[in-house]
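**Q** My file is start.cif. It has mmCIF, C-alpha atoms (C1' of nucleotides):
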```
data_my_file
loop_
_atom_site.label_atom_id
_atom_site.label_comp_id
_atom_site.auth_asym_id
_atom_site.auth_seq_id
_atom_site.Cartn_x
_atom_site.Cartn_y
_atom_site.Cartn_z
CA MET A 12 -25.88 58.87 -12.16
CA VAL A 13 -26.40 62.27 -10.74
CA ASP A 14 -29.77 62.85 -12.12
CA LEU A 15 -31.27 65.92 -10.60
CA LYS A 16 -34.64 66.78 -11.94
CA SER A 17 -33.09 70.18 -11.86
CA GLY A 18 -34.23 73.51 -13.03
CA ALA A 19 -33.02 76.13 -10.58
CA ASN A 20 -36.34 76.92 -9.01
CA PRO A 21 -36.22 77.88 -5.34
CA LEU A 22 -38.40 74.99 -4.21
CA PHE A 23 -35.99 72.53 -5.65
CA LEU A 24 -33.09 74.26 -4.01
CA ARG A 25 -34.81 74.21 -0.68
CA GLU A 26 -35.56 70.53 -0.92
CA GLU A 27 -32.02 69.86 -2.02
CA GLU A 28 -30.74 71.79 0.95
CA LEU A 29 -32.83 69.74 3.33
CA ARG A 30 -31.77 66.47 1.77
CA ARG A 31 -28.20 67.51 2.09
CA GLY A 32 -28.57 68.10 5.80
CA ILE A 33 -30.27 64.76 6.27
CA GLU A 34 -27.59 62.89 4.42
CA MET A 35 -24.82 64.64 6.23
CA MET A 36 -26.43 63.69 9.49
CA PHE A 37 -26.42 60.06 8.42
CA TYR A 38 -22.83 60.10 7.27
CA ALA A 39 -21.55 62.08 10.23
CA TYR A 40 -23.27 59.87 12.75
CA ARG A 41 -21.83 56.77 11.18
CA GLU A 42 -18.38 58.22 11.26
CA PHE A 43 -18.57 59.47 14.77
CA THR A 44 -19.50 56.06 16.13
CA SER A 45 -16.94 54.18 14.09
CA GLU A 46 -13.87 54.52 16.26
CA PRO A 47 -15.54 53.67 19.56
CA ASP A 48 -17.15 50.71 17.83
CA ARG A 49 -13.76 49.42 16.83
CA ILE A 50 -12.38 49.71 20.35
CA LEU A 51 -15.46 48.14 21.85
CA ALA A 52 -15.30 45.22 19.47
CA GLU A 53 -11.82 44.39 20.76
CA ILE A 54 -13.14 43.79 24.24
CA GLY A 55 -16.35 42.15 23.21
CA PHE A 56 -18.60 45.09 23.87
CA GLY A 57 -20.94 46.96 21.60
CA ARG A 58 -22.34 50.39 21.16
CA ALA A 59 -24.91 49.82 23.85
CA HIS A 60 -22.12 49.37 26.39
CA HIS A 61 -20.61 52.64 25.31
CA ARG A 62 -23.82 54.48 25.85
CA ALA A 63 -24.30 53.06 29.31
CA ILE A 64 -20.73 53.78 30.31
CA TYR A 65 -20.92 57.23 28.87
CA PHE A 66 -23.98 58.32 30.78
CA ILE A 67 -22.95 56.65 34.00
CA GLY A 68 -19.70 58.58 33.76
CA ARG A 69 -21.58 61.70 32.90
CA TYR A 70 -23.97 61.45 35.81
CA PRO A 71 -22.27 59.62 38.66
CA GLU A 72 -24.75 58.00 41.04
CA ILE A 73 -27.39 57.93 38.38
CA THR A 74 -30.18 55.50 39.13
CA VAL A 75 -31.27 52.72 36.82
CA SER A 76 -34.56 54.48 36.10
CA GLU A 77 -32.84 57.68 35.20
CA LEU A 78 -30.49 55.87 32.90
CA LEU A 79 -33.40 54.12 31.24
CA GLY A 80 -35.06 57.46 30.79
CA ILE A 81 -32.04 58.87 29.04
CA LEU A 82 -31.39 55.90 26.81
CA ARG A 83 -35.05 55.18 26.16
CA ILE A 84 -34.64 51.46 25.99
CA THR A 85 -36.33 48.79 28.04
CA LYS A 86 -34.87 47.64 31.30
CA GLN A 87 -34.38 44.20 29.79
CA SER A 88 -32.15 45.66 27.12
CA LEU A 89 -30.23 47.71 29.61
CA SER A 90 -29.97 44.80 31.98
CA ARG A 91 -28.02 42.80 29.45
CA VAL A 92 -25.25 45.33 29.08
CA LEU A 93 -25.36 46.58 32.63
CA SER A 94 -24.84 43.19 34.17
CA GLN A 95 -21.88 42.64 31.89
CA LEU A 96 -20.43 45.96 32.94
CA LEU A 97 -20.93 45.03 36.58
CA ASP A 98 -19.52 41.55 36.17
CA GLU A 99 -16.45 42.77 34.40
CA GLY A 100 -15.77 45.51 36.91
CA TYR A 101 -16.46 48.61 34.86
CA VAL A 102 -19.36 49.74 36.99
CA VAL A 103 -20.40 49.40 40.62
CA GLN A 104 -23.72 50.03 42.23
CA ALA A 105 -24.67 51.17 45.69
CA ARG A 106 -28.05 51.28 47.34
CA GLY A 107 -29.68 54.64 47.43
CA ARG A 108 -29.32 56.47 50.72
CA ARG A 109 -32.71 58.06 50.82
CA ASP A 110 -34.41 55.35 48.82
CA GLN A 111 -32.93 51.92 49.37
CA ARG A 112 -34.63 50.49 46.35
CA GLN A 113 -32.48 52.51 44.04
CA ARG A 114 -29.16 51.32 42.74
CA LEU A 115 -26.80 54.21 42.23
CA LEU A 116 -24.43 53.50 39.40
CA GLN A 117 -20.84 54.62 39.14
CA LEU A 118 -17.84 53.87 37.04
CA THR A 119 -14.88 52.16 38.62
CA GLU A 120 -11.36 53.20 37.81
CA ARG A 121 -11.47 50.66 35.06
CA GLY A 122 -14.73 52.02 33.78
CA ARG A 123 -13.40 55.54 33.80
CA ASP A 124 -10.40 54.43 31.78
CA LEU A 125 -12.53 52.80 29.16
CA GLU A 126 -14.93 55.72 29.06
CA LYS A 127 -12.05 58.07 28.49
CA ARG A 128 -10.54 55.90 25.84
CA LEU A 129 -13.81 55.75 23.95
CA SER A 130 -14.82 59.34 24.34
CA ASP A 131 -11.40 60.68 23.55
CA THR A 132 -11.71 59.47 20.01
CA GLN A 133 -15.01 61.25 19.63
CA ARG A 134 -13.80 64.36 21.31
CA ALA A 135 -10.79 64.47 19.05
CA ARG A 136 -13.02 64.22 16.03
CA PHE A 137 -15.28 66.97 17.28
CA ALA A 138 -12.38 69.14 18.34
CA ALA A 139 -10.92 68.94 14.85
CA ALA A 140 -14.25 69.66 13.22
CA TYR A 141 -14.92 72.56 15.58
CA LYS A 142 -11.52 74.00 14.95
CA ALA A 143 -11.84 73.73 11.20
CA ALA A 144 -15.30 75.25 11.20
CA GLY A 145 -14.80 78.02 13.73
CA ALA A 146 -16.61 79.18 16.84
CA GLU A 147 -19.51 80.70 15.02
CA ALA A 148 -20.14 77.53 13.08
CA VAL A 149 -20.14 75.60 16.34
CA ALA A 150 -22.86 77.82 17.70
CA GLY A 151 -24.86 77.22 14.54
CA PHE A 152 -24.25 73.51 14.71
CA ARG A 153 -25.64 73.38 18.20
CA ALA A 154 -28.55 75.62 17.41
CA VAL A 155 -29.66 73.34 14.60
CA LEU A 156 -29.17 70.15 16.61
CA ALA A 157 -31.14 71.75 19.41
CA GLY A 158 -34.01 72.22 17.00
CA ILE A 159 -33.89 68.62 15.92
CA MET A 160 -33.72 67.04 19.36
CA ASP A 161 -36.51 66.24 21.72
CA PRO A 162 -36.87 69.28 24.00
CA ALA A 163 -36.65 67.02 27.05
CA ASP A 164 -33.24 65.86 25.96
CA LEU A 165 -32.22 69.39 25.20
CA SER A 166 -33.01 70.65 28.63
CA ARG A 167 -31.06 67.79 30.12
CA VAL A 168 -28.03 68.71 28.07
CA GLU A 169 -28.36 72.33 28.96
CA SER A 170 -28.88 71.76 32.62
CA LEU A 171 -25.36 70.48 32.86
CA MET A 172 -23.79 73.48 31.30
CA PRO A 173 -22.02 75.69 33.81
CA ASN A 174 -23.81 78.67 32.32
CA GLY A 175 -26.97 77.01 31.11
CA GLY A 176 -26.39 77.09 27.37
CA GLU A 177 -27.00 79.93 24.96
CA GLU A 178 -30.70 80.32 25.60
CA ALA A 179 -30.05 80.42 29.33
CA ARG A 180 -32.88 78.76 31.18
CA PRO A 181 -32.67 79.19 34.94
CA GLU A 182 -35.51 76.78 35.57
CA GLU A 183 -35.25 73.49 37.32
CA PRO A 184 -31.79 72.82 38.64
CA ALA A 185 -31.53 69.40 37.03
CA SER A 186 -33.92 66.53 37.03
CA LEU A 187 -32.15 64.48 34.36
CA VAL A 188 -35.31 62.80 33.34
CA LYS A 189 -38.28 64.98 32.82
CA ALA A 190 -41.39 63.37 34.17
CA GLY A 191 -43.19 64.64 31.10
CA SER A 192 -41.93 62.86 28.05
CA GLY A 193 -42.06 59.13 28.17
CA SER A 194 -42.39 58.53 31.89
CA LEU A 195 -40.42 55.62 33.26
CA GLY A 196 -39.50 52.02 32.74
CA ARG A 197 -41.37 51.16 29.60
CA ALA A 198 -39.67 52.65 26.62
CA GLN A 199 -41.29 53.41 23.34
CA SER A 200 -38.38 53.89 21.06
CA LYS A 201 -38.26 51.06 18.51
CA ALA A 202 -35.04 52.74 17.47
CA GLU A 203 -31.54 51.58 16.72
CA ARG A 204 -32.03 48.43 14.84
CA MET B 156 -27.05 64.15 40.23
CA VAL B 157 -25.36 66.89 38.28
CA ASP B 158 -21.99 66.39 39.72
CA LEU B 159 -19.53 68.38 37.69
CA LYS B 160 -16.06 68.20 39.03
CA SER B 161 -16.25 71.85 38.25
CA GLY B 162 -13.88 74.68 38.78
CA ALA B 163 -14.20 77.08 35.90
CA ASN B 164 -10.89 76.36 34.26
CA PRO B 165 -10.79 76.61 30.49
CA LEU B 166 -9.82 72.99 29.97
CA PHE B 167 -12.89 71.85 31.76
CA LEU B 168 -15.05 74.17 29.72
CA ARG B 169 -13.56 72.89 26.52
CA GLU B 170 -14.18 69.30 27.44
CA GLU B 171 -17.67 70.16 28.53
CA GLU B 172 -18.29 71.82 25.20
CA LEU B 173 -17.15 68.77 23.32
CA ARG B 174 -19.25 66.44 25.42
CA ARG B 175 -22.22 68.60 24.79
CA GLY B 176 -21.80 68.33 21.05
CA ILE B 177 -21.43 64.58 21.26
CA GLU B 178 -24.53 64.16 23.34
CA MET B 179 -26.56 66.42 21.13
CA MET B 180 -25.50 64.37 18.18
CA PHE B 181 -26.76 61.24 19.88
CA TYR B 182 -30.07 62.77 20.87
CA ALA B 183 -30.65 64.48 17.57
CA TYR B 184 -29.92 61.38 15.56
CA ARG B 185 -32.31 59.36 17.64
CA GLU B 186 -35.02 61.89 17.18
CA PHE B 187 -34.52 62.31 13.51
CA THR B 188 -34.91 58.61 12.83
CA SER B 189 -37.90 58.18 15.09
CA GLU B 190 -40.72 59.20 12.79
CA PRO B 191 -39.60 57.20 9.76
CA ASP B 192 -39.09 54.24 12.06
CA ARG B 193 -42.69 54.47 13.17
CA ILE B 194 -43.99 54.58 9.62
CA LEU B 195 -41.74 51.74 8.54
CA ALA B 196 -42.86 49.56 11.40
CA GLU B 197 -46.44 49.84 10.19
CA ILE B 198 -45.56 48.18 6.93
CA GLY B 199 -43.11 45.69 8.35
CA PHE B 200 -39.97 47.46 7.24
CA GLY B 201 -37.02 48.74 9.20
CA ARG B 202 -34.48 51.45 9.05
CA ALA B 203 -32.39 49.52 6.56
CA HIS B 204 -35.24 49.66 4.09
CA HIS B 205 -35.43 53.38 4.50
CA ARG B 206 -31.79 53.82 3.71
CA ALA B 207 -31.98 51.70 0.60
CA ILE B 208 -35.09 53.46 -0.63
CA TYR B 209 -33.63 56.82 0.15
CA PHE B 210 -30.45 56.35 -1.82
CA ILE B 211 -32.14 54.61 -4.72
CA GLY B 212 -34.46 57.59 -4.92
CA ARG B 213 -31.56 59.93 -4.61
CA TYR B 214 -29.52 58.30 -7.36
CA PRO B 215 -31.88 56.74 -9.88
CA GLU B 216 -30.23 53.91 -11.84
CA ILE B 217 -27.70 53.39 -9.12
CA THR B 218 -26.01 50.02 -9.33
CA VAL B 219 -25.91 47.52 -6.50
CA SER B 220 -22.18 48.08 -6.03
CA GLU B 221 -22.59 51.79 -5.78
CA LEU B 222 -25.35 51.41 -3.26
CA LEU B 223 -23.20 49.06 -1.21
CA GLY B 224 -20.42 51.61 -1.32
CA ILE B 225 -22.68 54.31 0.03
CA LEU B 226 -24.26 52.23 2.75
CA ARG B 227 -21.07 50.40 3.64
CA ILE B 228 -22.77 47.16 4.44
CA THR B 229 -22.25 43.74 2.96
CA LYS B 230 -24.15 42.59 -0.06
CA GLN B 231 -25.77 39.90 2.07
CA SER B 232 -27.21 42.54 4.36
CA LEU B 233 -28.38 44.65 1.48
CA SER B 234 -29.79 41.65 -0.28
CA ARG B 235 -32.18 40.99 2.54
CA VAL B 236 -33.85 44.35 2.30
CA LEU B 237 -33.45 44.81 -1.42
CA SER B 238 -35.19 41.59 -2.31
CA GLN B 239 -38.08 42.56 -0.08
CA LEU B 240 -38.28 45.93 -1.78
CA LEU B 241 -38.28 44.22 -5.15
CA ASP B 242 -40.84 41.61 -4.15
CA GLU B 243 -43.19 44.17 -2.74
CA GLY B 244 -42.93 46.46 -5.72
CA TYR B 245 -41.10 49.43 -4.28
CA VAL B 246 -38.07 49.03 -6.48
CA VAL B 247 -37.38 47.67 -9.95
CA GLN B 248 -34.12 46.74 -11.52
CA ALA B 249 -32.96 46.82 -15.11
CA ARG B 250 -29.85 45.39 -16.65
CA GLY B 251 -27.11 47.86 -17.32
CA ARG B 252 -26.92 49.03 -20.90
CA ARG B 253 -23.18 49.22 -21.21
CA ASP B 254 -22.52 46.49 -18.69
CA GLN B 255 -25.17 43.82 -18.63
CA ARG B 256 -23.99 42.46 -15.33
CA GLN B 257 -25.14 45.52 -13.51
CA ARG B 258 -28.61 45.89 -12.10
CA LEU B 259 -29.73 49.47 -12.22
CA LEU B 260 -32.08 50.22 -9.38
CA GLN B 261 -35.02 52.55 -9.47
CA LEU B 262 -38.02 53.35 -7.35
CA THR B 263 -41.44 52.54 -8.67
CA GLU B 264 -44.34 54.89 -8.18
CA ARG B 265 -45.04 53.05 -5.01
CA GLY B 266 -41.45 53.35 -3.91
CA ARG B 267 -41.44 57.05 -4.62
CA ASP B 268 -44.55 57.48 -2.53
CA LEU B 269 -43.06 55.71 0.41
CA GLU B 270 -39.78 57.55 0.05
CA LYS B 271 -41.60 60.81 0.07
CA ARG B 272 -43.69 59.87 3.04
CA LEU B 273 -40.62 58.90 5.03
CA SER B 274 -38.41 61.76 4.01
CA ASP B 275 -41.10 64.36 4.42
CA THR B 276 -41.11 63.80 8.14
CA GLN B 277 -37.38 64.32 8.29
CA ARG B 278 -37.46 67.28 6.00
CA ALA B 279 -40.14 68.89 8.10
CA ARG B 280 -38.04 68.42 11.19
CA PHE B 281 -35.00 69.90 9.52
CA ALA B 282 -36.96 72.72 7.99
CA ALA B 283 -38.28 73.69 11.40
CA ALA B 284 -34.84 73.48 12.98
CA TYR B 285 -33.28 75.46 10.15
CA LYS B 286 -35.92 78.09 10.38
CA ALA B 287 -35.59 78.44 14.12
CA ALA B 288 -31.81 78.60 13.96
CA GLY B 289 -31.38 80.85 10.95
CA ALA B 290 -29.39 80.69 7.76
CA GLU B 291 -26.07 81.39 9.35
CA ALA B 292 -26.55 78.61 11.86
CA VAL B 293 -27.35 76.25 9.03
CA ALA B 294 -24.06 77.05 7.36
CA GLY B 295 -22.29 76.38 10.65
CA PHE B 296 -24.20 73.15 11.14
CA ARG B 297 -23.07 71.89 7.79
CA ALA B 298 -19.52 73.05 8.26
CA VAL B 299 -19.22 71.08 11.48
CA LEU B 300 -20.87 67.98 10.08
CA ALA B 301 -18.56 68.21 7.08
CA GLY B 302 -15.64 68.07 9.47
CA ILE B 303 -16.98 65.00 11.21
CA MET B 304 -17.84 62.99 8.10
CA ASP B 305 -15.59 60.82 6.02
CA PRO B 306 -14.25 63.04 3.23
CA ALA B 307 -15.36 60.48 0.65
CA ASP B 308 -18.94 60.84 1.83
CA LEU B 309 -18.60 64.58 1.88
CA SER B 310 -17.53 64.81 -1.70
CA ARG B 311 -20.42 62.61 -2.70
CA VAL B 312 -22.87 64.93 -0.96
CA GLU B 313 -21.31 67.98 -2.48
CA SER B 314 -21.14 66.57 -5.97
CA LEU B 315 -24.90 66.62 -6.07
CA MET B 316 -25.25 70.23 -5.11
CA PRO B 317 -26.20 72.45 -8.01
CA ASN B 318 -23.39 74.77 -7.05
CA GLY B 319 -20.99 72.32 -5.49
CA GLY B 320 -21.34 73.29 -1.84
CA GLU B 321 -19.70 76.11 0.04
CA GLU B 322 -16.12 74.98 -0.41
CA ALA B 323 -16.71 74.65 -4.13
CA ARG B 324 -14.69 71.80 -5.53
CA PRO B 325 -14.80 71.61 -9.31
CA GLU B 326 -13.07 68.24 -9.40
CA GLU B 327 -14.61 65.02 -10.56
CA PRO B 328 -18.14 65.46 -11.84
CA ALA B 329 -19.61 62.73 -9.70
CA SER B 330 -18.41 59.22 -9.11
CA LEU B 331 -20.74 58.45 -6.20
CA VAL B 332 -18.38 55.93 -4.77
CA LYS B 333 -14.79 56.93 -4.54
CA ALA B 334 -12.52 54.10 -5.43
CA GLY B 335 -10.28 55.21 -2.59
CA SER B 336 -11.96 54.57 0.73
CA GLY B 337 -13.19 51.08 1.24
CA SER B 338 -13.25 49.83 -2.32
CA LEU B 339 -16.20 47.67 -3.17
CA GLY B 340 -18.32 44.81 -2.00
CA ARG B 341 -16.80 43.87 1.28
CA ALA B 342 -17.76 46.34 3.92
CA GLN B 343 -15.90 47.07 7.09
CA SER B 344 -18.36 48.97 9.15
CA LYS B 345 -19.45 46.88 12.13
CA ALA B 346 -21.82 49.78 12.76
CA GLU B 347 -25.47 50.17 13.55
CA ARG B 348 -26.14 47.48 16.00
"C1'" DC C 199 -50.20 49.14 59.61
"C1'" DA C 200 -51.85 47.22 55.43
"C1'" DA C 201 -52.33 47.96 50.70
"C1'" DG C 202 -50.62 49.66 46.72
"C1'" DA C 203 -46.99 51.89 44.07
"C1'" DT C 204 -42.36 52.08 42.75
"C1'" DT C 205 -37.59 50.30 41.79
"C1'" DA C 206 -35.00 46.81 40.28
"C1'" DG C 207 -34.19 42.37 38.45
"C1'" DT C 208 -35.11 37.95 35.84
"C1'" DC C 209 -36.63 34.38 32.38
"C1'" DA C 210 -38.18 33.42 27.82
"C1'" DA C 211 -38.99 34.30 23.15
"C1'" DC C 212 -38.85 37.09 19.06
"C1'" DA C 213 -37.23 40.61 15.23
"C1'" DT C 214 -33.91 43.42 12.89
"C1'" DG C 215 -29.88 44.08 10.75
"C1'" DG C 216 -25.18 43.81 11.06
"C1'" DC C 217 -21.43 39.95 10.09
"C1'" DT C 218 -18.49 35.78 7.93
"C1'" DG C 219 -17.79 32.01 4.75
"C1'" DA C 220 -18.75 29.44 0.79
"C1'" DC C 221 -20.60 29.00 -3.71
"C1'" DG C 222 -23.01 29.72 -8.36
"C1'" DT C 223 -23.84 32.33 -12.66
"C1'" DA C 224 -23.52 35.85 -16.11
"C1'" DT C 225 -20.83 38.94 -18.37
"C1'" DT C 226 -16.75 41.61 -19.48
"C1'" DG C 227 -12.25 42.50 -20.82
"C1'" DC C 228 -7.50 41.23 -21.58
"C1'" DG D 194 -10.41 31.36 -23.54
"C1'" DC D 195 -9.76 32.67 -18.88
"C1'" DA D 196 -9.59 35.73 -15.04
"C1'" DA D 197 -11.96 39.30 -12.95
"C1'" DT D 198 -16.21 41.52 -11.95
"C1'" DA D 199 -21.23 42.12 -10.65
"C1'" DC D 200 -24.76 40.02 -8.58
"C1'" DG D 201 -27.16 36.68 -5.96
"C1'" DT D 202 -27.90 33.03 -2.43
"C1'" DC D 203 -27.61 29.64 1.47
"C1'" DA D 204 -26.44 29.05 6.17
"C1'" DG D 205 -25.35 30.49 10.58
"C1'" DC D 206 -23.67 33.83 14.19
"C1'" DC D 207 -24.05 38.07 17.12
"C1'" DA D 208 -25.72 42.45 19.20
"C1'" DT D 209 -29.39 44.89 20.58
"C1'" DG D 210 -33.78 46.18 20.29
"C1'" DT D 211 -38.75 44.37 21.56
"C1'" DT D 212 -43.06 42.00 24.54
"C1'" DG D 213 -44.92 39.69 28.33
"C1'" DA D 214 -44.91 37.66 32.76
"C1'" DC D 215 -43.39 37.41 37.34
"C1'" DT D 216 -40.51 38.13 41.81
"C1'" DA D 217 -38.60 40.80 45.67
"C1'" DA D 218 -37.60 44.71 48.30
"C1'" DT D 219 -38.84 49.06 49.77
"C1'" DC D 220 -41.59 53.34 50.04
"C1'" DT D 221 -45.77 55.86 50.52
"C1'" DT D 222 -50.19 56.72 51.73
"C1'" DG D 223 -54.98 56.11 53.39
#
```
Produce structure tokens that represent the structure in this file.
**A**
Amino acid sequence: MVDLKSGANPLFLREEELRRGIEMMFYAYREFTSEPDRILAEIGFGRAHHRAIYFIGRYPEITVSELLGILRITKQSLSRVLSQLLDEGYVVQARGRRDQRQRLLQLTERGRDLEKRLSDTQRARFAAAYKAAGAEAVAGFRAVLAGIMDPADLSRVESLMPNGGEEARPEEPASLVKAGSGSLGRAQSKAER
Amino acid sequence: MVDLKSGANPLFLREEELRRGIEMMFYAYREFTSEPDRILAEIGFGRAHHRAIYFIGRYPEITVSELLGILRITKQSLSRVLSQLLDEGYVVQARGRRDQRQRLLQLTERGRDLEKRLSDTQRARFAAAYKAAGAEAVAGFRAVLAGIMDPADLSRVESLMPNGGEEARPEEPASLVKAGSGSLGRAQSKAER
DNA sequence: CAAGATTAGTCAACATGGCTGACGTATTGC
DNA sequence: GCAATACGTCAGCCATGTTGACTAATCTTG
């Protein structure tokens, strides 16, 4: 094995560098979901439940549409996990005050506990990696991820930062789901098979 | 929305920082798989096919066991995609020379074309992100990912680098699949639902 | 105020890609 | 010669994505 059609020309090195990043992304993502997956499996949930719980905890009173916009899945897919979360008392919903059609989602105490349990494992992993790599590396890490992400997602992440993130953008206060990319309801992802 | 139980205490900031990294990881991963997924869908393949093609291209003459060790899935799961790739002429296998039980996998011309088509989209995305973020950021990006990954995966990635990666480790030349973590055949992942 | 748009939910059916368990067949190595 | 290994296969389950069709409540607007 280890057959590099080598020759130390710069083009090869560049390609190799890119491949390395891509592979590391694959490996790191797998690892970073592994612990939550194990916990979820114990209680009969899956990764999709984690995502819903996570973002409901992140944005209390989020509406179903907003959540769909973040997750980019169809409402039928979300419905499956959401109704389980409701049934089993991890999430509650209340009618919107301004708009009564909306269902504002929130974690219950139980939901918050599970969210914490799941996220703590990921935070611990990140905390260790951040610490080992150093503050400057963390800034670089985020800068590269920012370049990979969909800009709509990026601005959502940044809008929650107390200070607006490194490229400070004092624009819209926070709309969670940009009307621009993807609109509502119907998702286009095809992802996460 | 945007309800941060704020107060600018350092603990809150730290947690916020970690959450931000986690979310960015989620968003970036989704984005970085989106283009290959679209291409794959056109020809009736899925993400699993991409992964197999990618690593077969990466490690020509890789054995089935080694591939299983990298992907960490069961042979039954791999078999599904691998036999399609064989049937449709993207991959060929040859008996091992030393060990005739092994099937050494390789991409055909056709497989190489598809691999390139898929990976080019990801490389372009990374190249743009790297360029925008700068060389130092790239080093930080990799340092953090290295801290998140399973060390066994990390050493595999590094063993392919012409110079061995930044933390230069002149150990084993390249075993692809460390006998340590996970052994062979049976996978334990539960991941990627 | 009536019509149309939006928000949420539901039923049904399908695909992908994980998984377990149980076997079969070469081939290797002790 | 026999056990272990490498590979493959059949069968069935589960989670989570998808489409498409349709209902009900509520808002918005002409």
**Q** Distance C1' of DG210 in chain D-CA of Asp48 in chain A, one decimal place?
**A**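 Here the two named atoms are 17.4 Å from each other.
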**Q** Pull out every residue of chain D sitting within 12 Å of chain A, counting all atoms listed in the file, and send them as a ChimeraX atom specification.
**A** /D:207-213,217-221
**Q** Give me, as a ChimeraX atom specification, the residues of chain B touching chain A, with the criterion being at most 6 Å (counting only C-alpha atoms).
**A** /B:173,182-183,186,278,284,288,292,295-296,298-300,302-304
**Q** Would you mind listing, for every residue of chain C within 9 Å of chain B, the two atoms forming the shortest contact and the distance between them in Å to one decimal, using all atoms listed in the file, sorted by chain and ascending residue number, as JSON lines?
**A**
```
{"residue": "C:DT214", "atom": "C1'", "partner": "B:Gly201", "partner_atom": "CA", "distance": 7.2}
{"residue": "C:DG215", "atom": "C1'", "partner": "B:Ser232", "partner_atom": "CA", "distance": 7.1}
{"residue": "C:DG216", "atom": "C1'", "partner": "B:Arg348", "partner_atom": "CA", "distance": 6.2}
{"residue": "C:DC217", "atom": "C1'", "partner": "B:Lys345", "partner_atom": "CA", "distance": 7.5}
{"residue": "C:DA224", "atom": "C1'", "partner": "B:Arg256", "partner_atom": "CA", "distance": 6.7}
{"residue": "C:DT225", "atom": "C1'", "partner": "B:Arg256", "partner_atom": "CA", "distance": 5.6}
{"residue": "C:DT226", "atom": "C1'", "partner": "B:Asp254", "partner_atom": "CA", "distance": 7.6}
```
**Q** Report the residues retrieved by the PyMOL selection byres ((chain A and resi 95-108) around 8) from the displayed file, expressed as a list in words.
**A**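 On this input, the PyMOL selection byres ((chain A and resi 95-108) around 8) captures His60, Ile64, Arg91, Val92, Leu93, Ser94, Arg109, Asp110, Gln111, Arg112, Gln113, Arg114, Leu115, Leu116, Gln117, Leu118, Thr119, Glu120, Arg121, Gly122 and Arg123 of chain A.
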**Q** Is there a way to get, as a VMD selection string, all residues within 8 Å of the point (-35.5, 43.1, 41.3) in file coordinates, counting all atoms listed in the file?
**A** (chain C and resid 205 to 208) or (chain D and resid 216 to 218)
**Q** Using the chain letters and residue numbers of this document, give as a list in words the residues selected by the PyMOL selection byres ((chain D and resi 194-196) around 10).
**A** DG227 and DC228 of chain C; DA197 and DT198 of chain D
**Q** Give the answer as one residue: which of C:DT218, C:DT223, C:DA210, C:DG202 has the shortest atom-to-atom distance to DA214 in chain D, using only C-alpha atoms (C1' of nucleotides)?
**A** C:DA210
**Q** Translate the PyMOL selection byres ((chain D and resi 201) around 9), as applied to the file shown, into an explicit residue set as a list of chain:residue names.
**A** B:Lys230, B:Gln231, B:Ser234, C:DG222, C:DT223, D:DC200, D:DT202
**Q** Export C-alpha atoms (C1' of nucleotides) of the chosen residues as a PDB file, in the frame of the given file?
**A**
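Just written: result.pdb:
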```
ATOM      1  CA  LYS B 230     -24.150  42.590  -0.060  1.00  0.00           C
ATOM      2  CA  GLN B 231     -25.770  39.900   2.070  1.00  0.00           C
ATOM      3  CA  SER B 234     -29.790  41.650  -0.280  1.00  0.00           C
TER       4      SER B 234
ATOM      5  C1'  DG C 222     -23.010  29.720  -8.360  1.00  0.00           C
ATOM      6  C1'  DT C 223     -23.840  32.330 -12.660  1.00  0.00           C
TER       7       DT C 223
ATOM      8  C1'  DC D 200     -24.760  40.020  -8.580  1.00  0.00           C
ATOM      9  C1'  DT D 202     -27.900  33.030  -2.430  1.00  0.00           C
TER      10       DT D 202
END
```
**Q** I'd like the interatomic distance between CA of Glu221 in chain B and CA of Asp268 in chain B, to a tenth of an Å.
**A**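 For CA of Glu221 in chain B relative to CA of Asp268 in chain B, the distance reads 22.9 Å.
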**Q** What is the C1' of DT222 in chain D-C1' of DT204 in chain C distance in Å, reported with one decimal?
**A**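 So the answer is 12.8 Å.
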